[in-house]
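Report on the following structure.
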Amino acid sequence: MTPPATQEKTNPKVRPPPAIPRPSASIIVVNSQNEILLVHRNPKSKSFANAHVFPGGNYDEKQDGEHGMPFTAIRELFEESGLLLVHPSSAKTPTNSELDTAREAIHAQTRMFRDFLAQYDLRLNIESLLPFTQWVTPPFVPRRFHTQFYITFLDEARAAGFSGGDKQERLPTPDGGQEVIAARFVHPTRALQEFAAKQISLFPPQFYLLTTLADVLKGTRNTTEQRERVRALAYGAFGGMVINPLPLPGHDMKAAGYQVLTYEGDETRGGSPGRRHRSKVWFGPAGAAAGVALERNFDVFSDIESHVFAKPSKL
């Protein structure tokens with residue numbers, strides 16, 4: 001009889017256990033024109049290749065220590081875009097040259113982010129970050145992440161770097177373009193239009209959040225009412241959602257030509273009968289999403305069935 005271990009090694013149907021999701025954080029930065037900062041991932045990246053995503057990355061024990069995920073989020077935002085969310089300080093603000101030098105050194109792990117902050121007496125504006133859902137990569141994906149998304153408004157947080165439009169004076173090049181090759185502010189509606197026209201690539205979490213914000217951030221001037229509505233989402237049931245996308249059982253992806261990913265609250269995931277909380281995803285080359293159609297037939301402000309969601313994890 002063949003030992004069990006050998007059977008597993010020779011049986012192509014036996015799958016390894018799902019990878020443990022890595023803690024990560026990402027920030028949705030909104031400027032005064034209701035534009036959102038997107039960074040373009042390098043096509044050769046191991047994760048989210050060629051996709052447009054919100055700035056962010058993995059928790060780094062060496063850099064972040066016990067500071068928590070908001071610290072991780074702001075550090076990654078700084079490394080990838082040059083924007084530094086800090087409180088007003090009486091100290092001298094770093095010049096663009098000093099910011100770029102620090103970005104490169106921090107990314108290369110030759111300088112600690114906390115040491116850079118201490119040198120200029122800078123205090124991170126963690127209070128400006130609003131929780132805006134957590135997402136866990138599906139178990140069938142080899143590289144998995146448990147990402148805490150945040151949202152912040154630029155003019156409520158002092159920031160160094162560009163702040164609007166297609167201007168790219170501060171292209172994110174902390175690693176020579178190995179991770180990020182471009183960055184820009186774009187209105188969520190325009191980003192969704194570009195995705196529909198196959199001009200950019202988005203993954204389901206980014207599509208989901210951009211779709212949600214496009215309904216709130218209408219027009220080209222950020223208003224107090226819009227911010228209050230975003231805060232209502234952040235501090236309501238929406239902001240606390242932990243979403244674990246799973247394939248719809250019984251759906252034939254090959255025959256249909258698309259995958260159906262269900263989310264908590266869908267009728268197949270504990271939601272009320274007839275409730276839809278899912279996405280159809282058409283995958284393109286290298287696993288990137290070529291198209292996404294969100295099905296969500298409930299009000300995210302008042303009709304989320306919170307009891308079907310896991311409590312937000314303290315990453």
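Chain lettering (A, B, ...) mirrors the order of the structure tokens, residue numbering begins at 1 for each chain separately, and ligand numbering begins at 1 in order of display.
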Please identify which residues in stretch 61-290 of chain A DSSP calls helix (DSSP H, G or I) from the backbone, and express them as a tab-separated table (two decimals) with C-alpha atoms, in the first residue's frame.
chain	number	residue	atom	x	y	z
A	61	GLU	CA	7.23	43.69	11.38
A	62	LYS	CA	10.60	45.42	11.04
A	63	GLN	CA	9.10	48.75	9.93
A	64	ASP	CA	5.74	48.72	11.68
A	69	MET	CA	-2.32	48.78	10.64
A	70	PRO	CA	-2.95	52.55	10.34
A	71	PHE	CA	0.82	53.01	10.62
A	72	THR	CA	1.31	50.37	7.91
A	73	ALA	CA	-1.24	52.09	5.68
A	74	ILE	CA	0.35	55.53	5.95
A	75	ARG	CA	3.86	54.15	5.46
A	76	GLU	CA	2.82	52.29	2.32
A	77	LEU	CA	1.00	55.37	1.02
A	78	PHE	CA	4.18	57.38	1.49
A	79	GLU	CA	6.39	54.78	-0.19
A	80	GLU	CA	4.12	54.36	-3.21
A	81	SER	CA	2.90	57.91	-3.84
A	96	ASN	CA	10.55	67.09	-2.09
A	97	SER	CA	14.12	65.89	-2.41
A	98	GLU	CA	14.22	64.82	1.23
A	99	LEU	CA	10.86	63.07	0.85
A	100	ASP	CA	12.04	61.12	-2.17
A	101	THR	CA	15.31	60.13	-0.51
A	102	ALA	CA	13.40	58.91	2.53
A	103	ARG	CA	10.90	56.97	0.41
A	104	GLU	CA	13.66	55.08	-1.34
A	105	ALA	CA	15.54	54.32	1.87
A	106	ILE	CA	12.42	53.17	3.74
A	107	HIS	CA	11.35	50.95	0.86
A	113	PHE	CA	9.94	55.05	8.84
A	114	ARG	CA	9.68	55.93	12.54
A	115	ASP	CA	13.24	57.36	12.49
A	116	PHE	CA	12.37	59.56	9.52
A	117	LEU	CA	9.29	60.87	11.34
A	118	ALA	CA	11.31	61.56	14.47
A	119	GLN	CA	13.98	63.46	12.53
A	126	ILE	CA	-3.92	58.36	12.06
A	127	GLU	CA	-7.13	60.02	13.26
A	128	SER	CA	-7.95	60.99	9.68
A	154	LEU	CA	-6.77	65.14	1.82
A	155	ASP	CA	-7.65	68.62	3.04
A	156	GLU	CA	-8.39	67.19	6.49
A	188	PRO	CA	-14.39	57.12	-9.22
A	189	THR	CA	-16.94	57.41	-12.03
A	190	ARG	CA	-14.17	58.01	-14.56
A	191	ALA	CA	-12.13	55.11	-13.19
A	192	LEU	CA	-15.12	52.80	-13.63
A	193	GLN	CA	-15.63	54.10	-17.17
A	194	GLU	CA	-11.98	53.44	-18.00
A	195	PHE	CA	-12.31	49.92	-16.60
A	196	ALA	CA	-15.43	49.29	-18.69
A	204	PRO	CA	-13.22	43.07	-7.35
A	205	PRO	CA	-12.50	44.87	-4.02
A	206	GLN	CA	-11.43	48.05	-5.80
A	207	PHE	CA	-14.38	47.82	-8.19
A	208	TYR	CA	-16.75	47.32	-5.24
A	209	LEU	CA	-15.44	50.30	-3.29
A	210	LEU	CA	-15.20	52.59	-6.32
A	211	THR	CA	-18.80	51.71	-7.23
A	212	THR	CA	-19.91	52.52	-3.69
A	213	LEU	CA	-18.09	55.86	-3.67
A	214	ALA	CA	-19.27	56.85	-7.15
A	224	THR	CA	-19.65	68.56	3.81
A	225	GLU	CA	-22.74	66.45	3.12
A	226	GLN	CA	-20.72	63.98	1.06
A	227	ARG	CA	-18.13	63.63	3.81
A	228	GLU	CA	-20.84	63.01	6.37
A	229	ARG	CA	-22.29	60.29	4.17
A	230	VAL	CA	-18.86	58.67	3.85
A	231	ARG	CA	-18.44	58.87	7.63
A	232	ALA	CA	-21.85	57.27	8.06
A	233	LEU	CA	-20.65	54.37	5.94
A	234	ALA	CA	-17.31	54.14	7.75
A	235	TYR	CA	-18.75	54.09	11.26
A	253	MET	CA	-17.38	28.94	-14.77
A	254	LYS	CA	-16.12	27.35	-18.00
A	255	ALA	CA	-19.59	27.11	-19.53
A	256	ALA	CA	-20.64	30.62	-18.44
A	267	GLU	CA	-28.84	34.66	0.01
A	268	THR	CA	-26.32	31.82	-0.36
A	269	ARG	CA	-24.16	33.23	2.45
A	285	PRO	CA	-4.65	37.20	-18.98
A	286	ALA	CA	-2.60	36.34	-15.89
A	287	GLY	CA	-5.72	36.15	-13.73
Figure out the distance between atom CA of A:Leu217 and atom CA of A:Ser32, please, to one decimal in Å.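 Going from atom CA of A:Ser32 over to atom CA of A:Leu217, I get 10.4 Å.
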Could you work out how far atom CA of A:Phe149 lies from atom CA of A:Pro131, giving the answer in Å with one decimal?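 Here the two named atoms are 6.2 Å from each other.
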From atom CA of A:Ile20 to atom CA of A:Phe145 the spacing works out at 7.9 Å
Choose the residue, out of A:Thr95, A:Thr137, A:Asn244, A:Thr147, that has the smallest atom-to-atom separation from A:Pro23; count only C-alpha atoms.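 Using only C-alpha atoms, the shortest distance to A:Pro23 belongs to A:Thr147.
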Could you name the residues that touch stretch 24-26 of chain A at 6 Å or less, counting only C-alpha atoms, but leaving out those on the same chain fewer than 5 positions away, as a list in words? Pro55, Gly56, Gly57, Asn58, Tyr59, Ala73, His146, Thr147, Gln148 and Phe149 of chain A
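Closest to A:Asn31 among A:Ala288, A:Val180, A:Met112, A:Val186 is A:Val186, based on only C-alpha atoms.
Distance annotation: of A:Tyr120, A:Tyr150, A:Tyr263, A:Phe283, the residue with the minimal separation from A:Lys92 is A:Tyr120; atom set is only C-alpha atoms.
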Compare A:Asp252, A:Ile304, A:Ile200, A:Pro138 by their minimum atom-to-atom distance to A:Arg275, counting only C-alpha atoms, and give me the closest one. A:Ile304
Give me the residues near A:Leu37 as a short mmCIF file (atom, residue, chain, number, x, y, z; two decimals) with all heavy atoms, in the first residue's frame, where near means some atom within 10 Å (using only C-alpha atoms) and where sequence neighbours in that chain fewer than 4 positions away do not count.
data_model
loop_
_atom_site.label_atom_id
_atom_site.label_comp_id
_atom_site.auth_asym_id
_atom_site.auth_seq_id
_atom_site.Cartn_x
_atom_site.Cartn_y
_atom_site.Cartn_z
N ILE A 27 -5.21 52.57 1.61
CA ILE A 27 -5.89 53.84 1.87
C ILE A 27 -6.54 54.37 0.60
O ILE A 27 -5.89 54.48 -0.45
CB ILE A 27 -4.93 54.91 2.41
CG1 ILE A 27 -4.27 54.45 3.71
CG2 ILE A 27 -5.68 56.22 2.67
CD1 ILE A 27 -3.33 55.50 4.32
N ILE A 28 -7.80 54.73 0.72
CA ILE A 28 -8.51 55.45 -0.34
C ILE A 28 -8.38 56.94 -0.01
O ILE A 28 -8.96 57.41 0.97
CB ILE A 28 -9.99 55.05 -0.40
CG1 ILE A 28 -10.12 53.53 -0.60
CG2 ILE A 28 -10.71 55.79 -1.52
CD1 ILE A 28 -11.54 53.01 -0.41
N VAL A 29 -7.61 57.65 -0.81
CA VAL A 29 -7.36 59.07 -0.57
C VAL A 29 -8.27 59.89 -1.49
O VAL A 29 -8.22 59.74 -2.70
CB VAL A 29 -5.88 59.43 -0.83
CG1 VAL A 29 -5.65 60.91 -0.56
CG2 VAL A 29 -4.96 58.58 0.04
N VAL A 30 -9.08 60.76 -0.90
CA VAL A 30 -10.02 61.59 -1.65
C VAL A 30 -9.57 63.05 -1.57
O VAL A 30 -9.33 63.57 -0.48
CB VAL A 30 -11.45 61.47 -1.10
CG1 VAL A 30 -12.44 62.27 -1.96
CG2 VAL A 30 -11.88 60.01 -1.01
N ASN A 31 -9.45 63.72 -2.74
CA ASN A 31 -9.07 65.14 -2.72
C ASN A 31 -10.31 66.02 -2.81
O ASN A 31 -11.46 65.54 -2.83
CB ASN A 31 -8.05 65.45 -3.81
CG ASN A 31 -8.62 65.34 -5.22
OD1 ASN A 31 -9.83 65.24 -5.43
ND2 ASN A 31 -7.74 65.35 -6.21
N HIS A 52 -4.85 48.65 -11.35
CA HIS A 52 -4.94 49.94 -10.66
C HIS A 52 -5.56 49.68 -9.29
O HIS A 52 -6.66 49.12 -9.20
CB HIS A 52 -5.77 50.93 -11.46
CG HIS A 52 -5.03 51.55 -12.60
ND1 HIS A 52 -4.65 50.83 -13.71
CD2 HIS A 52 -4.58 52.82 -12.79
CE1 HIS A 52 -3.99 51.63 -14.55
NE2 HIS A 52 -3.94 52.84 -14.01
N VAL A 53 -4.85 50.07 -8.26
CA VAL A 53 -5.29 49.79 -6.89
C VAL A 53 -5.13 51.05 -6.04
O VAL A 53 -4.50 52.03 -6.46
CB VAL A 53 -4.48 48.63 -6.26
CG1 VAL A 53 -4.66 47.36 -7.07
CG2 VAL A 53 -2.99 48.99 -6.18
N PHE A 54 -5.69 51.02 -4.85
CA PHE A 54 -5.43 52.08 -3.88
C PHE A 54 -4.06 51.81 -3.25
O PHE A 54 -3.68 50.65 -3.08
CB PHE A 54 -6.50 52.09 -2.79
CG PHE A 54 -7.91 52.03 -3.32
CD1 PHE A 54 -8.77 51.02 -2.95
CD2 PHE A 54 -8.38 53.00 -4.21
CE1 PHE A 54 -10.07 50.94 -3.43
CE2 PHE A 54 -9.67 52.94 -4.71
CZ PHE A 54 -10.52 51.91 -4.32
N PRO A 55 -3.30 52.83 -2.91
CA PRO A 55 -1.99 52.60 -2.30
C PRO A 55 -2.10 51.74 -1.05
O PRO A 55 -3.05 51.89 -0.27
CB PRO A 55 -1.51 54.01 -1.96
CG PRO A 55 -2.27 54.91 -2.87
CD PRO A 55 -3.61 54.27 -3.05
N LEU A 77 1.44 54.23 1.84
CA LEU A 77 1.00 55.37 1.02
C LEU A 77 2.17 56.27 0.70
O LEU A 77 2.34 56.73 -0.44
CB LEU A 77 -0.08 56.15 1.78
CG LEU A 77 -0.51 57.49 1.16
CD1 LEU A 77 -1.21 57.27 -0.18
CD2 LEU A 77 -1.42 58.25 2.12
N SER A 81 3.39 56.69 -3.17
CA SER A 81 2.90 57.91 -3.84
C SER A 81 3.62 59.18 -3.42
O SER A 81 3.49 60.20 -4.09
CB SER A 81 1.40 58.08 -3.58
OG SER A 81 1.18 58.51 -2.25
N SER A 163 -1.81 66.70 -5.50
CA SER A 163 -3.13 66.65 -4.89
C SER A 163 -4.28 66.63 -5.88
O SER A 163 -5.43 66.64 -5.46
CB SER A 163 -3.32 67.85 -3.96
OG SER A 163 -3.23 69.07 -4.67
N GLY A 164 -4.05 66.60 -7.18
CA GLY A 164 -5.20 66.57 -8.05
C GLY A 164 -4.89 66.35 -9.51
O GLY A 164 -3.77 66.55 -9.98
N GLY A 165 -5.93 65.91 -10.22
CA GLY A 165 -5.87 65.79 -11.67
C GLY A 165 -4.89 64.76 -12.17
O GLY A 165 -4.48 63.85 -11.45
N ALA A 183 1.01 56.95 -10.79
CA ALA A 183 -0.04 57.28 -9.82
C ALA A 183 -0.78 58.51 -10.31
O ALA A 183 -0.20 59.38 -10.95
CB ALA A 183 0.57 57.55 -8.44
N ARG A 184 -2.06 58.58 -10.02
CA ARG A 184 -2.85 59.75 -10.41
C ARG A 184 -4.13 59.79 -9.59
O ARG A 184 -4.58 58.79 -9.03
CB ARG A 184 -3.22 59.69 -11.88
CG ARG A 184 -4.09 58.49 -12.24
CD ARG A 184 -4.56 58.53 -13.68
NE ARG A 184 -5.22 57.28 -14.02
CZ ARG A 184 -6.26 57.20 -14.85
NH1 ARG A 184 -6.74 58.29 -15.41
NH2 ARG A 184 -6.80 56.04 -15.11
N PHE A 185 -4.70 61.00 -9.51
CA PHE A 185 -6.02 61.16 -8.94
C PHE A 185 -7.05 61.11 -10.06
O PHE A 185 -6.88 61.73 -11.10
CB PHE A 185 -6.12 62.51 -8.21
CG PHE A 185 -5.55 62.48 -6.82
CD1 PHE A 185 -4.21 62.76 -6.61
CD2 PHE A 185 -6.34 62.16 -5.73
CE1 PHE A 185 -3.67 62.73 -5.34
CE2 PHE A 185 -5.81 62.13 -4.46
CZ PHE A 185 -4.48 62.42 -4.25
N VAL A 186 -8.12 60.37 -9.84
CA VAL A 186 -9.16 60.21 -10.85
C VAL A 186 -10.50 60.06 -10.14
O VAL A 186 -10.60 59.44 -9.08
CB VAL A 186 -8.86 58.98 -11.76
CG1 VAL A 186 -8.76 57.71 -10.95
CG2 VAL A 186 -9.92 58.85 -12.84
N HIS A 187 -11.55 60.65 -10.72
CA HIS A 187 -12.88 60.52 -10.13
C HIS A 187 -13.33 59.06 -10.22
O HIS A 187 -13.07 58.39 -11.22
CB HIS A 187 -13.87 61.43 -10.86
CG HIS A 187 -15.16 61.60 -10.12
ND1 HIS A 187 -16.17 60.67 -10.15
CD2 HIS A 187 -15.59 62.61 -9.30
CE1 HIS A 187 -17.17 61.08 -9.40
NE2 HIS A 187 -16.85 62.25 -8.87
N PRO A 188 -13.99 58.54 -9.18
CA PRO A 188 -14.39 57.12 -9.22
C PRO A 188 -15.25 56.77 -10.43
O PRO A 188 -15.12 55.67 -10.98
CB PRO A 188 -15.16 56.93 -7.89
CG PRO A 188 -15.40 58.29 -7.36
CD PRO A 188 -14.33 59.16 -7.89
#
Write out as a ChimeraX atom specification which residues come within 8 Å of A:Ala289 when counting only C-alpha atoms, dropping same-chain ones fewer than 5 positions away. /A:201-204,281-284
Output file for the selection above: all heavy atoms, as an mmCIF file, in the first residue's frame:
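So result.cif came out as:
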data_model
loop_
_atom_site.group_PDB
_atom_site.id
_atom_site.type_symbol
_atom_site.label_atom_id
_atom_site.label_comp_id
_atom_site.auth_asym_id
_atom_site.auth_seq_id
_atom_site.Cartn_x
_atom_site.Cartn_y
_atom_site.Cartn_z
ATOM 1 N N SER A 201 -7.158 48.046 -15.422
ATOM 2 C CA SER A 201 -7.594 46.792 -14.803
ATOM 3 C C SER A 201 -7.874 47.029 -13.330
ATOM 4 O O SER A 201 -7.107 47.718 -12.643
ATOM 5 C CB SER A 201 -6.509 45.717 -14.972
ATOM 6 O OG SER A 201 -6.867 44.528 -14.293
ATOM 7 N N LEU A 202 -8.992 46.491 -12.849
ATOM 8 C CA LEU A 202 -9.353 46.586 -11.441
ATOM 9 C C LEU A 202 -9.649 45.189 -10.910
ATOM 10 O O LEU A 202 -10.098 44.316 -11.653
ATOM 11 C CB LEU A 202 -10.609 47.463 -11.244
ATOM 12 C CG LEU A 202 -10.534 48.929 -11.642
ATOM 13 C CD1 LEU A 202 -11.926 49.554 -11.573
ATOM 14 C CD2 LEU A 202 -9.568 49.692 -10.729
ATOM 15 N N PHE A 203 -9.428 44.991 -9.624
ATOM 16 C CA PHE A 203 -9.826 43.760 -8.971
ATOM 17 C C PHE A 203 -11.163 43.983 -8.261
ATOM 18 O O PHE A 203 -11.546 45.124 -7.998
ATOM 19 C CB PHE A 203 -8.743 43.299 -7.995
ATOM 20 C CG PHE A 203 -7.621 42.539 -8.659
ATOM 21 C CD1 PHE A 203 -6.602 43.215 -9.321
ATOM 22 C CD2 PHE A 203 -7.598 41.150 -8.641
ATOM 23 C CE1 PHE A 203 -5.578 42.515 -9.944
ATOM 24 C CE2 PHE A 203 -6.579 40.444 -9.263
ATOM 25 C CZ PHE A 203 -5.571 41.129 -9.916
ATOM 26 N N PRO A 204 -11.888 42.911 -7.940
ATOM 27 C CA PRO A 204 -13.218 43.066 -7.348
ATOM 28 C C PRO A 204 -13.308 43.975 -6.121
ATOM 29 O O PRO A 204 -14.253 44.768 -6.041
ATOM 30 C CB PRO A 204 -13.614 41.622 -7.013
ATOM 31 C CG PRO A 204 -12.959 40.820 -8.097
ATOM 32 C CD PRO A 204 -11.614 41.493 -8.300
ATOM 33 N N VAL A 281 -17.368 37.982 -12.363
ATOM 34 C CA VAL A 281 -16.015 38.409 -12.710
ATOM 35 C C VAL A 281 -15.547 37.672 -13.953
ATOM 36 O O VAL A 281 -15.544 36.443 -13.991
ATOM 37 C CB VAL A 281 -15.026 38.145 -11.547
ATOM 38 C CG1 VAL A 281 -13.651 38.706 -11.891
ATOM 39 C CG2 VAL A 281 -15.543 38.751 -10.241
ATOM 40 N N TRP A 282 -15.169 38.459 -14.960
ATOM 41 C CA TRP A 282 -14.581 37.907 -16.169
ATOM 42 C C TRP A 282 -13.076 38.073 -16.054
ATOM 43 O O TRP A 282 -12.573 39.191 -15.918
ATOM 44 C CB TRP A 282 -15.093 38.644 -17.411
ATOM 45 C CG TRP A 282 -16.523 38.351 -17.732
ATOM 46 C CD1 TRP A 282 -16.991 37.460 -18.653
ATOM 47 C CD2 TRP A 282 -17.683 38.971 -17.153
ATOM 48 N NE1 TRP A 282 -18.369 37.481 -18.666
ATOM 49 C CE2 TRP A 282 -18.819 38.396 -17.759
ATOM 50 C CE3 TRP A 282 -17.876 39.955 -16.164
ATOM 51 C CZ2 TRP A 282 -20.115 38.765 -17.424
ATOM 52 C CZ3 TRP A 282 -19.161 40.319 -15.820
ATOM 53 C CH2 TRP A 282 -20.279 39.727 -16.454
ATOM 54 N N PHE A 283 -12.349 36.972 -16.077
ATOM 55 C CA PHE A 283 -10.906 37.027 -15.900
ATOM 56 C C PHE A 283 -10.193 37.098 -17.238
ATOM 57 O O PHE A 283 -10.573 36.436 -18.204
ATOM 58 C CB PHE A 283 -10.416 35.812 -15.111
ATOM 59 C CG PHE A 283 -10.813 35.845 -13.663
ATOM 60 C CD1 PHE A 283 -11.880 35.091 -13.205
ATOM 61 C CD2 PHE A 283 -10.136 36.647 -12.766
ATOM 62 C CE1 PHE A 283 -12.255 35.118 -11.874
ATOM 63 C CE2 PHE A 283 -10.497 36.697 -11.430
ATOM 64 C CZ PHE A 283 -11.563 35.923 -10.982
ATOM 65 N N GLY A 284 -9.140 37.932 -17.281
ATOM 66 C CA GLY A 284 -8.330 38.069 -18.470
ATOM 67 C C GLY A 284 -6.998 37.373 -18.304
ATOM 68 O O GLY A 284 -6.850 36.481 -17.463
#
Write down as a PyMOL selection string the residues belonging to stretch 223-313 of chain A that are assigned strand (DSSP E) by DSSP computed on the backbone. chain A and resi 242-243+246-247+259-262+277-283+289-296
Identify which of the residues A:Thr220, A:Ser272, A:Gln259, A:Ser306 lies closest to A:Gly239, counting only C-alpha atoms when measuring atom-to-atom distances. A:Ser306
